[in-house]
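Structure file coords-v1.cif (mmCIF, C-alpha atoms and all ligand atoms) follows.
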data_my_file
loop_
_atom_site.label_atom_id
_atom_site.label_comp_id
_atom_site.auth_asym_id
_atom_site.auth_seq_id
_atom_site.Cartn_x
_atom_site.Cartn_y
_atom_site.Cartn_z
CA MET A 1 108.52 -47.07 -15.55
CA GLU A 2 105.25 -45.99 -14.02
CA ALA A 3 102.17 -46.28 -16.19
CA ILE A 4 100.23 -43.07 -16.71
CA LEU A 5 96.48 -43.62 -16.69
CA GLU A 6 94.59 -41.27 -19.00
CA ARG A 7 91.58 -39.69 -17.31
CA PRO A 8 88.32 -39.98 -19.24
CA LYS A 9 87.42 -36.87 -21.20
CA TYR A 10 83.83 -37.01 -19.93
CA GLU A 11 82.55 -38.14 -16.55
CA CYS A 12 78.79 -37.64 -16.88
CA LEU A 13 76.08 -37.38 -19.54
CA LEU A 14 72.92 -35.34 -18.92
CA PHE A 15 69.92 -36.22 -21.08
CA ASP A 16 66.75 -34.24 -21.56
CA LEU A 17 63.76 -36.60 -21.77
CA ASP A 18 60.92 -35.32 -23.99
CA ASP A 19 61.71 -35.07 -27.71
CA THR A 20 65.29 -36.11 -26.94
CA LEU A 21 65.08 -39.75 -25.83
CA TYR A 22 62.15 -40.19 -28.21
CA PRO A 23 61.19 -38.19 -31.32
CA PHE A 24 58.86 -35.19 -31.50
CA SER A 25 56.77 -37.24 -33.93
CA ALA A 26 55.51 -39.33 -31.00
CA GLY A 27 52.99 -36.55 -30.45
CA ILE A 28 53.56 -36.11 -26.72
CA ASN A 29 54.64 -32.47 -27.09
CA LEU A 30 51.58 -31.32 -29.02
CA ALA A 31 49.20 -33.25 -26.77
CA CYS A 32 50.84 -31.73 -23.70
CA ARG A 33 50.46 -28.23 -25.12
CA LYS A 34 46.76 -28.85 -25.77
CA ASN A 35 46.28 -30.11 -22.22
CA ILE A 36 48.04 -27.06 -20.78
CA GLN A 37 45.75 -24.80 -22.79
CA ASP A 38 42.72 -26.73 -21.55
CA TYR A 39 43.98 -26.32 -17.99
CA MET A 40 44.37 -22.57 -18.53
CA ARG A 41 40.76 -22.37 -19.75
CA HIS A 42 39.03 -24.65 -17.30
CA HIS A 43 41.06 -24.32 -14.11
CA LEU A 44 42.46 -20.81 -14.35
CA HIS A 45 39.52 -19.36 -16.30
CA ILE A 46 41.70 -17.54 -18.79
CA GLU A 47 39.75 -16.23 -21.76
CA GLU A 48 39.63 -18.53 -24.76
CA ARG A 49 40.97 -15.91 -27.17
CA GLN A 50 44.04 -15.32 -25.00
CA VAL A 51 45.01 -18.88 -24.23
CA ALA A 52 47.04 -19.97 -27.28
CA ASP A 53 49.22 -16.86 -27.52
CA MET A 54 49.63 -16.64 -23.77
CA CYS A 55 50.67 -20.29 -23.54
CA LEU A 56 53.34 -19.79 -26.18
CA ASP A 57 54.53 -16.42 -24.90
CA LEU A 58 54.96 -17.71 -21.35
CA TYR A 59 56.75 -20.79 -22.61
CA LYS A 60 59.19 -18.59 -24.51
CA GLU A 61 59.67 -16.15 -21.66
CA TYR A 62 59.95 -18.51 -18.70
CA GLY A 63 61.00 -21.87 -20.07
CA THR A 64 57.68 -23.53 -19.26
CA THR A 65 54.16 -22.17 -19.44
CA MET A 66 53.68 -23.30 -15.85
CA ALA A 67 56.62 -21.21 -14.64
CA GLY A 68 55.19 -18.22 -16.50
CA LEU A 69 51.71 -18.67 -15.05
CA LYS A 70 53.22 -18.72 -11.56
CA ALA A 71 55.24 -15.61 -12.33
CA LEU A 72 52.02 -13.84 -13.32
CA GLY A 73 50.54 -14.74 -9.95
CA TYR A 74 48.21 -17.59 -10.86
CA GLU A 75 47.85 -19.89 -7.90
CA PHE A 76 47.38 -23.59 -8.44
CA ASP A 77 48.70 -26.83 -7.08
CA ASN A 78 51.79 -28.03 -8.92
CA ASP A 79 50.95 -31.72 -8.55
CA GLU A 80 47.38 -31.17 -9.77
CA PHE A 81 48.69 -29.23 -12.77
CA HIS A 82 51.12 -32.00 -13.71
CA ALA A 83 48.53 -34.72 -13.17
CA THR A 84 46.04 -32.87 -15.37
CA VAL A 85 48.33 -32.05 -18.28
CA HIS A 86 50.05 -35.44 -18.30
CA GLY A 87 47.02 -37.55 -17.45
CA THR A 88 45.74 -37.98 -20.99
CA LEU A 89 48.98 -37.92 -22.96
CA PRO A 90 49.24 -40.56 -25.72
CA TYR A 91 51.82 -42.62 -23.85
CA HIS A 92 50.90 -45.59 -26.04
CA ASN A 93 52.89 -43.85 -28.79
CA LEU A 94 56.07 -44.42 -26.79
CA ARG A 95 57.28 -47.90 -27.63
CA PRO A 96 60.18 -49.85 -26.12
CA ASP A 97 63.43 -48.84 -27.75
CA PRO A 98 65.85 -51.76 -27.25
CA VAL A 99 68.47 -50.18 -29.52
CA LEU A 100 68.64 -47.06 -27.37
CA ARG A 101 68.55 -49.16 -24.22
CA THR A 102 71.57 -51.18 -25.35
CA LEU A 103 73.39 -48.04 -26.43
CA LEU A 104 72.81 -46.36 -23.08
CA LEU A 105 73.87 -49.41 -21.12
CA SER A 106 77.14 -49.52 -23.06
CA ILE A 107 78.10 -46.00 -21.96
CA PRO A 108 80.70 -46.11 -19.20
CA GLN A 109 79.99 -42.68 -17.70
CA ARG A 110 77.29 -41.66 -15.23
CA LYS A 111 74.02 -40.96 -17.02
CA ILE A 112 71.36 -38.66 -15.60
CA VAL A 113 68.01 -37.53 -17.01
CA PHE A 114 67.48 -33.78 -16.60
CA THR A 115 63.88 -32.82 -17.37
CA ASN A 116 61.48 -30.01 -16.56
CA SER A 117 58.66 -32.53 -16.24
CA ASP A 118 57.56 -34.12 -13.00
CA LYS A 119 58.55 -37.47 -11.57
CA ALA A 120 55.36 -39.28 -12.60
CA HIS A 121 55.73 -38.30 -16.26
CA ALA A 122 59.43 -39.14 -16.31
CA GLU A 123 58.79 -42.56 -14.80
CA GLU A 124 55.93 -43.29 -17.20
CA ALA A 125 57.88 -42.21 -20.28
CA LEU A 126 61.06 -44.09 -19.31
CA CYS A 127 58.99 -47.18 -18.57
CA ARG A 128 57.15 -47.01 -21.91
CA LEU A 129 60.49 -46.59 -23.71
CA GLY A 130 61.87 -49.63 -21.90
CA LEU A 131 64.69 -47.54 -20.44
CA GLN A 132 64.28 -48.42 -16.76
CA GLY A 133 67.62 -48.97 -15.11
CA CYS A 134 69.56 -47.19 -17.87
CA PHE A 135 70.20 -44.07 -15.80
CA ASP A 136 71.91 -43.36 -12.52
CA GLY A 137 69.15 -40.93 -11.64
CA VAL A 138 66.53 -38.46 -12.76
CA ILE A 139 66.57 -34.75 -11.96
CA CYS A 140 63.06 -33.47 -12.54
CA PHE A 141 60.65 -30.70 -11.52
CA GLY A 142 60.56 -31.85 -7.92
CA THR A 143 64.36 -31.87 -7.71
CA LEU A 144 64.71 -28.25 -8.69
CA ASN A 145 61.61 -27.21 -6.77
CA PRO A 146 61.90 -29.37 -3.67
CA CYS A 147 59.30 -27.52 -1.59
CA ASN A 148 56.70 -29.09 -3.83
CA GLY A 149 57.43 -32.71 -3.08
CA PRO A 150 59.96 -35.46 -3.52
CA SER A 151 62.87 -34.79 -5.75
CA ALA A 152 65.51 -36.70 -7.65
CA PHE A 153 65.04 -40.44 -7.85
CA ARG A 154 66.95 -43.39 -9.05
CA ASP A 155 65.00 -44.85 -11.90
CA GLY A 156 64.12 -48.27 -10.64
CA ASN A 157 64.68 -48.21 -6.92
CA GLY A 158 65.38 -45.62 -4.31
CA MET A 159 66.75 -42.12 -4.38
CA LEU A 160 69.75 -41.06 -6.35
CA PHE A 161 70.72 -38.28 -4.01
CA PRO A 162 70.11 -38.28 -0.26
CA ASP A 163 67.48 -35.80 0.84
CA GLU A 164 70.00 -33.77 2.79
CA THR A 165 71.87 -32.89 -0.38
CA PHE A 166 68.89 -31.08 -1.87
CA PRO A 167 69.21 -27.32 -1.65
CA ASP A 168 65.94 -25.73 -0.67
CA SER A 169 64.78 -22.52 -2.29
CA ALA A 170 66.00 -20.36 0.57
CA ASP A 171 69.48 -21.87 0.33
CA LEU A 172 69.58 -21.27 -3.39
CA ASN A 173 68.60 -17.66 -2.99
CA GLU A 174 71.02 -16.96 -0.19
CA SER A 175 74.05 -18.79 -1.46
CA ASP A 176 73.78 -17.88 -5.12
CA GLY A 177 72.41 -14.39 -4.85
CA PHE A 178 69.65 -14.87 -7.40
CA ARG A 179 65.92 -14.40 -7.08
CA PRO A 180 64.09 -15.87 -10.08
CA ILE A 181 61.10 -13.85 -11.24
CA SER A 182 59.09 -17.05 -11.35
CA PRO A 183 59.05 -19.18 -8.23
CA ILE A 184 59.60 -22.18 -10.50
CA LEU A 185 63.16 -23.20 -11.31
CA CYS A 186 63.45 -24.85 -14.72
CA LYS A 187 65.47 -25.01 -17.91
CA PRO A 188 66.60 -22.92 -19.69
CA SER A 189 67.49 -20.61 -16.83
CA ILE A 190 71.16 -20.49 -16.03
CA GLU A 191 70.17 -20.96 -12.39
CA ALA A 192 68.66 -24.34 -13.27
CA MET A 193 71.88 -25.29 -15.03
CA GLU A 194 73.89 -24.27 -12.00
CA ALA A 195 71.53 -26.17 -9.71
CA VAL A 196 71.80 -29.38 -11.71
CA THR A 197 75.57 -29.03 -11.71
CA ARG A 198 75.56 -28.78 -7.93
CA ILE A 199 72.93 -31.44 -7.25
CA ALA A 200 74.47 -34.01 -9.59
CA ASN A 201 77.93 -32.96 -8.44
CA VAL A 202 79.35 -32.74 -11.96
CA ASP A 203 82.09 -30.71 -13.58
CA PRO A 204 80.40 -29.01 -16.58
CA LYS A 205 83.62 -29.21 -18.56
CA LYS A 206 83.49 -32.99 -18.21
CA THR A 207 79.75 -33.30 -18.82
CA ILE A 208 77.83 -33.72 -22.08
CA PHE A 209 74.34 -32.22 -22.17
CA PHE A 210 71.83 -33.56 -24.72
CA ASP A 211 68.63 -31.59 -25.40
CA ASP A 212 66.26 -30.88 -28.30
CA SER A 213 65.66 -27.27 -27.24
CA THR A 214 67.83 -24.57 -28.79
CA ARG A 215 67.30 -22.39 -25.71
CA ASN A 216 68.37 -25.13 -23.37
CA ILE A 217 71.45 -25.82 -25.45
CA ALA A 218 72.44 -22.14 -25.41
CA SER A 219 71.98 -22.03 -21.66
CA GLY A 220 73.83 -25.30 -21.16
CA LYS A 221 76.77 -23.94 -23.13
CA ALA A 222 76.75 -20.77 -21.03
CA ALA A 223 76.95 -23.00 -17.95
CA GLY A 224 80.05 -24.68 -19.39
CA PHE A 225 78.63 -28.00 -20.60
CA HIS A 226 79.69 -29.77 -23.76
CA THR A 227 76.43 -29.62 -25.72
CA VAL A 228 74.54 -31.75 -28.23
CA ILE A 229 71.38 -30.58 -29.97
CA VAL A 230 69.13 -33.58 -30.67
CA GLY A 231 66.47 -33.89 -33.36
CA ARG A 232 68.06 -31.78 -36.07
CA PRO A 233 70.92 -32.29 -38.49
CA THR A 234 72.64 -28.94 -38.14
CA LEU A 235 74.30 -27.02 -35.34
CA VAL A 236 72.52 -24.25 -33.44
CA PRO A 237 74.15 -21.49 -31.38
CA GLY A 238 75.91 -23.02 -28.41
CA ALA A 239 75.84 -26.59 -29.75
CA ASP A 240 79.05 -28.56 -30.16
CA HIS A 241 77.32 -31.41 -32.00
CA ALA A 242 74.01 -32.03 -33.76
CA LEU A 243 72.21 -35.38 -33.84
CA GLU A 244 69.12 -36.07 -35.92
CA SER A 245 68.39 -38.91 -33.53
CA ILE A 246 69.75 -39.93 -30.15
CA HIS A 247 70.50 -43.24 -31.86
CA ASN A 248 73.38 -41.52 -33.71
CA MET A 249 75.30 -40.89 -30.50
CA LYS A 250 78.06 -43.38 -31.14
CA GLU A 251 78.83 -42.15 -34.64
CA ALA A 252 78.94 -38.49 -33.57
CA LEU A 253 80.62 -38.88 -30.20
CA PRO A 254 82.83 -41.99 -30.26
CA GLU A 255 85.02 -40.41 -27.56
CA ILE A 256 82.33 -41.29 -25.01
CA TRP A 257 83.50 -44.86 -25.29
CA ASP A 258 87.24 -44.03 -25.32
CA GLY A 259 89.19 -46.34 -23.06
CA GLN A 260 86.49 -48.99 -22.92
CA ASP A 261 87.44 -52.46 -24.04
CA ARG A 262 86.35 -52.49 -27.69
CA SER A 263 85.34 -56.14 -27.77
CA GLU A 264 83.18 -55.63 -24.68
CA SER A 265 81.52 -52.55 -26.18
CA ASP A 266 80.95 -54.15 -29.57
CA ALA A 267 79.48 -57.28 -28.00
CA LEU A 268 77.03 -55.17 -26.04
CA LEU A 269 75.99 -53.31 -29.17
CA SER A 270 75.64 -56.35 -31.41
CA PRO A 271 72.05 -57.10 -32.49
CA THR A 272 72.12 -60.45 -30.72
CA ALA A 273 72.88 -58.69 -27.45
CA VAL A 274 69.80 -56.46 -27.56
CA GLU A 275 67.62 -58.77 -25.53
CA THR A 276 70.33 -59.61 -23.00
CA PRO A 277 69.35 -58.25 -19.61
CA VAL A 278 72.06 -56.02 -18.22
CA ALA A 279 72.01 -54.78 -14.66
CA ALA A 280 72.20 -51.01 -14.35
MG MG B 301 62.84 -31.73 -24.65
#

Hey, can you dump this file as C-alpha cells for me?
Amino acid sequence: MEAILERPKYECLLFDLDDTLYPFSAGINLACRKNIQDYMRHHLHIEERQVADMCLDLYKEYGTTMAGLKALGYEFDNDEFHATVHGTLPYHNLRPDPVLRTLLLSIPQRKIVFTNSDKAHAEEALCRLGLQGCFDGVICFGTLNPCNGPSAFRDGNGMLFPDETFPDSADLNESDGFRPISPILCKPSIEAMEAVTRIANVDPKKTIFFDDSTRNIASGKAAGFHTVIVGRPTLVPGADHALESIHNMKEALPEIWDGQDRSESDALLSPTAVETPVAA
C-alpha cells in the first residue's frame, strides 16, 4: 500500500519586525516618532504647532508618516530620511534574545521578515536581538520601493531574491492596475500585501502573518493570510490568534511544528540547547 504524505498546513511565516520581534516597551517606537517629528520641523520646515497631529494623521492615513509626507508632495531623499530618524534610536535597549532565536530556528517553514523600515534599521535591530541567520530573508522598504535602492536581502549573506525578480513600480502599476496615492508602497495597503505575496512567492492560505498593528492584521487577513496579532492578549478584527509575546508562539500555534520529529524539536528548545550554534 502506498504511503500518503500529509502536506504541511503552512509553508511560510511572515514576521513584522518592530514591536513584534521585540516589545513596544523597548522604546524604539516612541523614539522613532520623536525623530520623525524633528525631521518634519528641521528638514521640511513644517510649523511646530502642526507637527504632532500631522505626524499621527499621516501615519493613520498612509501607513507611515513618510508615505503620507510624500503623498502631500514633500520632496526629500528616502535614504536621508531613514538615516536621520533611525540614527539616534536607543538600539542599546534591544538585547540578544536567545529564547526567541532558538524558537525561530526550530521552525521548519520558511521565515521572512516583512517590515516597513529600511534595510539598515532591520539589520541593526536583528543584530542587536541576536537573530542573524534566523530568517530566509527580509522584505523591507527598499524591496517594495525598489527605485530607491537595494531591496530584499538574506540576513547574513547575500540576496534572498535575485534582482530580476523584483517588480519595479511601473510593472506594479501596469500589471495590477493600481496607482497608490502615495508613491511609497508600505503596509497596511493591500497592494503591499499583494506585492509581498508575489515577491516571496507564497500562497497566502499557507502563510502565517505576525504583526503588532491592528491595521496590518486586518489588511493581511483581507489578502488571505492566516493572521496573528502580537503584543496583546485578545483578538482584533481580522486576527486568527492573539499573542501577548512572540515567545508564546509554540503554545498558541503548535501546528507550525506538525510533522517535525518531536525529539528533535524538543532538544532544540531545551534550555541547554540555547547556546548551541545552529546554521540557518
Ligand atoms: Mg510593528

>> Here is a test: counting all atoms listed in the file, which residue of A:Val196, A:Leu89, A:Leu94, A:Met54 is nearest to Asn145 (chain A)?
In response: A:Val196

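Residue nearest ligand MG 301 (chain B) within the list A:Ala252, A:Ala192, A:Ile36, A:Ile217: A:Ile217 [criterion: smallest interatomic distance, all atoms listed in the file].
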
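For the residues A:His92, A:Arg215, A:Lys205, A:Lys119, ranking by smallest atom-to-atom distance to Gly63 (chain A) using only C-alpha atoms places A:Arg215 first.
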
>> Using Å and a single decimal, report how far CA of Ser245 (chain A) sits from CA of Asp18 (chain A).
In response: 12.6 Å

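Inspection of the environment of ligand MG 301 (chain B), which uses all atoms listed in the file and a cut-off of 6 Å, identifies the neighbouring residues as Asp16, Leu17, Asp18, Asp19, Thr20, Asp211, Asp212 and Ser213 of chain A.
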
Mind dumping the selected residues with C-alpha atoms as a PDB file, in the coordinates of the input?
ATOM      1  CA  ASP A  16      66.750 -34.240 -21.560  1.00  0.00           C
ATOM      2  CA  LEU A  17      63.760 -36.600 -21.770  1.00  0.00           C
ATOM      3  CA  ASP A  18      60.920 -35.320 -23.990  1.00  0.00           C
ATOM      4  CA  ASP A  19      61.710 -35.070 -27.710  1.00  0.00           C
ATOM      5  CA  THR A  20      65.290 -36.110 -26.940  1.00  0.00           C
ATOM      6  CA  ASP A 211      68.630 -31.590 -25.400  1.00  0.00           C
ATOM      7  CA  ASP A 212      66.260 -30.880 -28.300  1.00  0.00           C
ATOM      8  CA  SER A 213      65.660 -27.270 -27.240  1.00  0.00           C
TER       9      SER A 213
END

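With distances restricted to all atoms listed in the file, A:Val85 is the closest residue to His42 (chain A) from A:Val85, A:Thr115, A:Leu103, A:Gly133.
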
> Could you pull the residues within 10 Å of Val51 (chain A), counting all atoms listed in the file, minus those fewer than 2 positions along the same chain, as a list in words?
Replying inline: Ile36, Gln37, Asp38, Tyr39, Met40, Arg41, His45, Ile46, Glu47, Glu48, Arg49, Asp53, Met54, Cys55, Leu56 and Asp57 of chain A

>> When you look at Gly73 (chain A) with a cut-off of 10 Å (counting only C-alpha atoms), what residues show up, excluding the ones that are within fewer than 5 positions of it in the same chain? I need them as a PyMOL selection string.
In response: chain A and resi 68+182-183

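Residue nearest Phe24 (chain A), chosen from A:Ser189, A:Asn78, A:Asn93, A:Thr64 and counting all atoms listed in the file: A:Asn93.
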
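The gap separating CA of Ile139 (chain A) from CA of Asp77 (chain A) is 20.1 Å, in Å to one decimal.
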
Since the input has fewer atoms than a full residue there, write region 9-21 of chain A out with N, CA and C atoms, as a PDB file, in the frame of the given file.
ATOM      1  N   LYS A   9      87.729 -38.246 -20.801  1.00  0.00           N
ATOM      2  CA  LYS A   9      87.420 -36.870 -21.200  1.00  0.00           C
ATOM      3  C   LYS A   9      86.099 -36.414 -20.576  1.00  0.00           C
ATOM      4  N   TYR A  10      85.147 -37.331 -20.495  1.00  0.00           N
ATOM      5  CA  TYR A  10      83.830 -37.010 -19.930  1.00  0.00           C
ATOM      6  C   TYR A  10      83.539 -37.925 -18.745  1.00  0.00           C
ATOM      7  N   GLU A  11      82.868 -37.361 -17.746  1.00  0.00           N
ATOM      8  CA  GLU A  11      82.550 -38.140 -16.550  1.00  0.00           C
ATOM      9  C   GLU A  11      81.047 -38.342 -16.365  1.00  0.00           C
ATOM     10  N   CYS A  12      80.243 -37.537 -17.063  1.00  0.00           N
ATOM     11  CA  CYS A  12      78.790 -37.640 -16.880  1.00  0.00           C
ATOM     12  C   CYS A  12      78.076 -37.177 -18.143  1.00  0.00           C
ATOM     13  N   LEU A  13      76.931 -37.793 -18.421  1.00  0.00           N
ATOM     14  CA  LEU A  13      76.080 -37.380 -19.540  1.00  0.00           C
ATOM     15  C   LEU A  13      74.720 -37.008 -18.975  1.00  0.00           C
ATOM     16  N   LEU A  14      74.253 -35.813 -19.331  1.00  0.00           N
ATOM     17  CA  LEU A  14      72.920 -35.340 -18.920  1.00  0.00           C
ATOM     18  C   LEU A  14      71.999 -35.410 -20.134  1.00  0.00           C
ATOM     19  N   PHE A  15      70.862 -36.073 -19.967  1.00  0.00           N
ATOM     20  CA  PHE A  15      69.920 -36.220 -21.080  1.00  0.00           C
ATOM     21  C   PHE A  15      68.596 -35.563 -20.743  1.00  0.00           C
ATOM     22  N   ASP A  16      68.150 -34.662 -21.608  1.00  0.00           N
ATOM     23  CA  ASP A  16      66.750 -34.240 -21.560  1.00  0.00           C
ATOM     24  C   ASP A  16      65.901 -35.475 -21.879  1.00  0.00           C
ATOM     25  N   LEU A  17      64.633 -35.444 -21.514  1.00  0.00           N
ATOM     26  CA  LEU A  17      63.760 -36.600 -21.770  1.00  0.00           C
ATOM     27  C   LEU A  17      62.891 -36.390 -23.021  1.00  0.00           C
ATOM     28  N   ASP A  18      61.942 -35.452 -22.936  1.00  0.00           N
ATOM     29  CA  ASP A  18      60.920 -35.320 -23.990  1.00  0.00           C
ATOM     30  C   ASP A  18      61.519 -34.762 -25.283  1.00  0.00           C
ATOM     31  N   ASP A  19      61.224 -35.443 -26.378  1.00  0.00           N
ATOM     32  CA  ASP A  19      61.710 -35.070 -27.710  1.00  0.00           C
ATOM     33  C   ASP A  19      63.220 -35.199 -27.833  1.00  0.00           C
ATOM     34  N   THR A  20      63.852 -35.828 -26.856  1.00  0.00           N
ATOM     35  CA  THR A  20      65.290 -36.110 -26.940  1.00  0.00           C
ATOM     36  C   THR A  20      65.519 -37.620 -26.903  1.00  0.00           C
ATOM     37  N   LEU A  21      64.940 -38.290 -25.915  1.00  0.00           N
ATOM     38  CA  LEU A  21      65.080 -39.750 -25.830  1.00  0.00           C
ATOM     39  C   LEU A  21      64.041 -40.454 -26.705  1.00  0.00           C
TER      40      LEU A  21
END
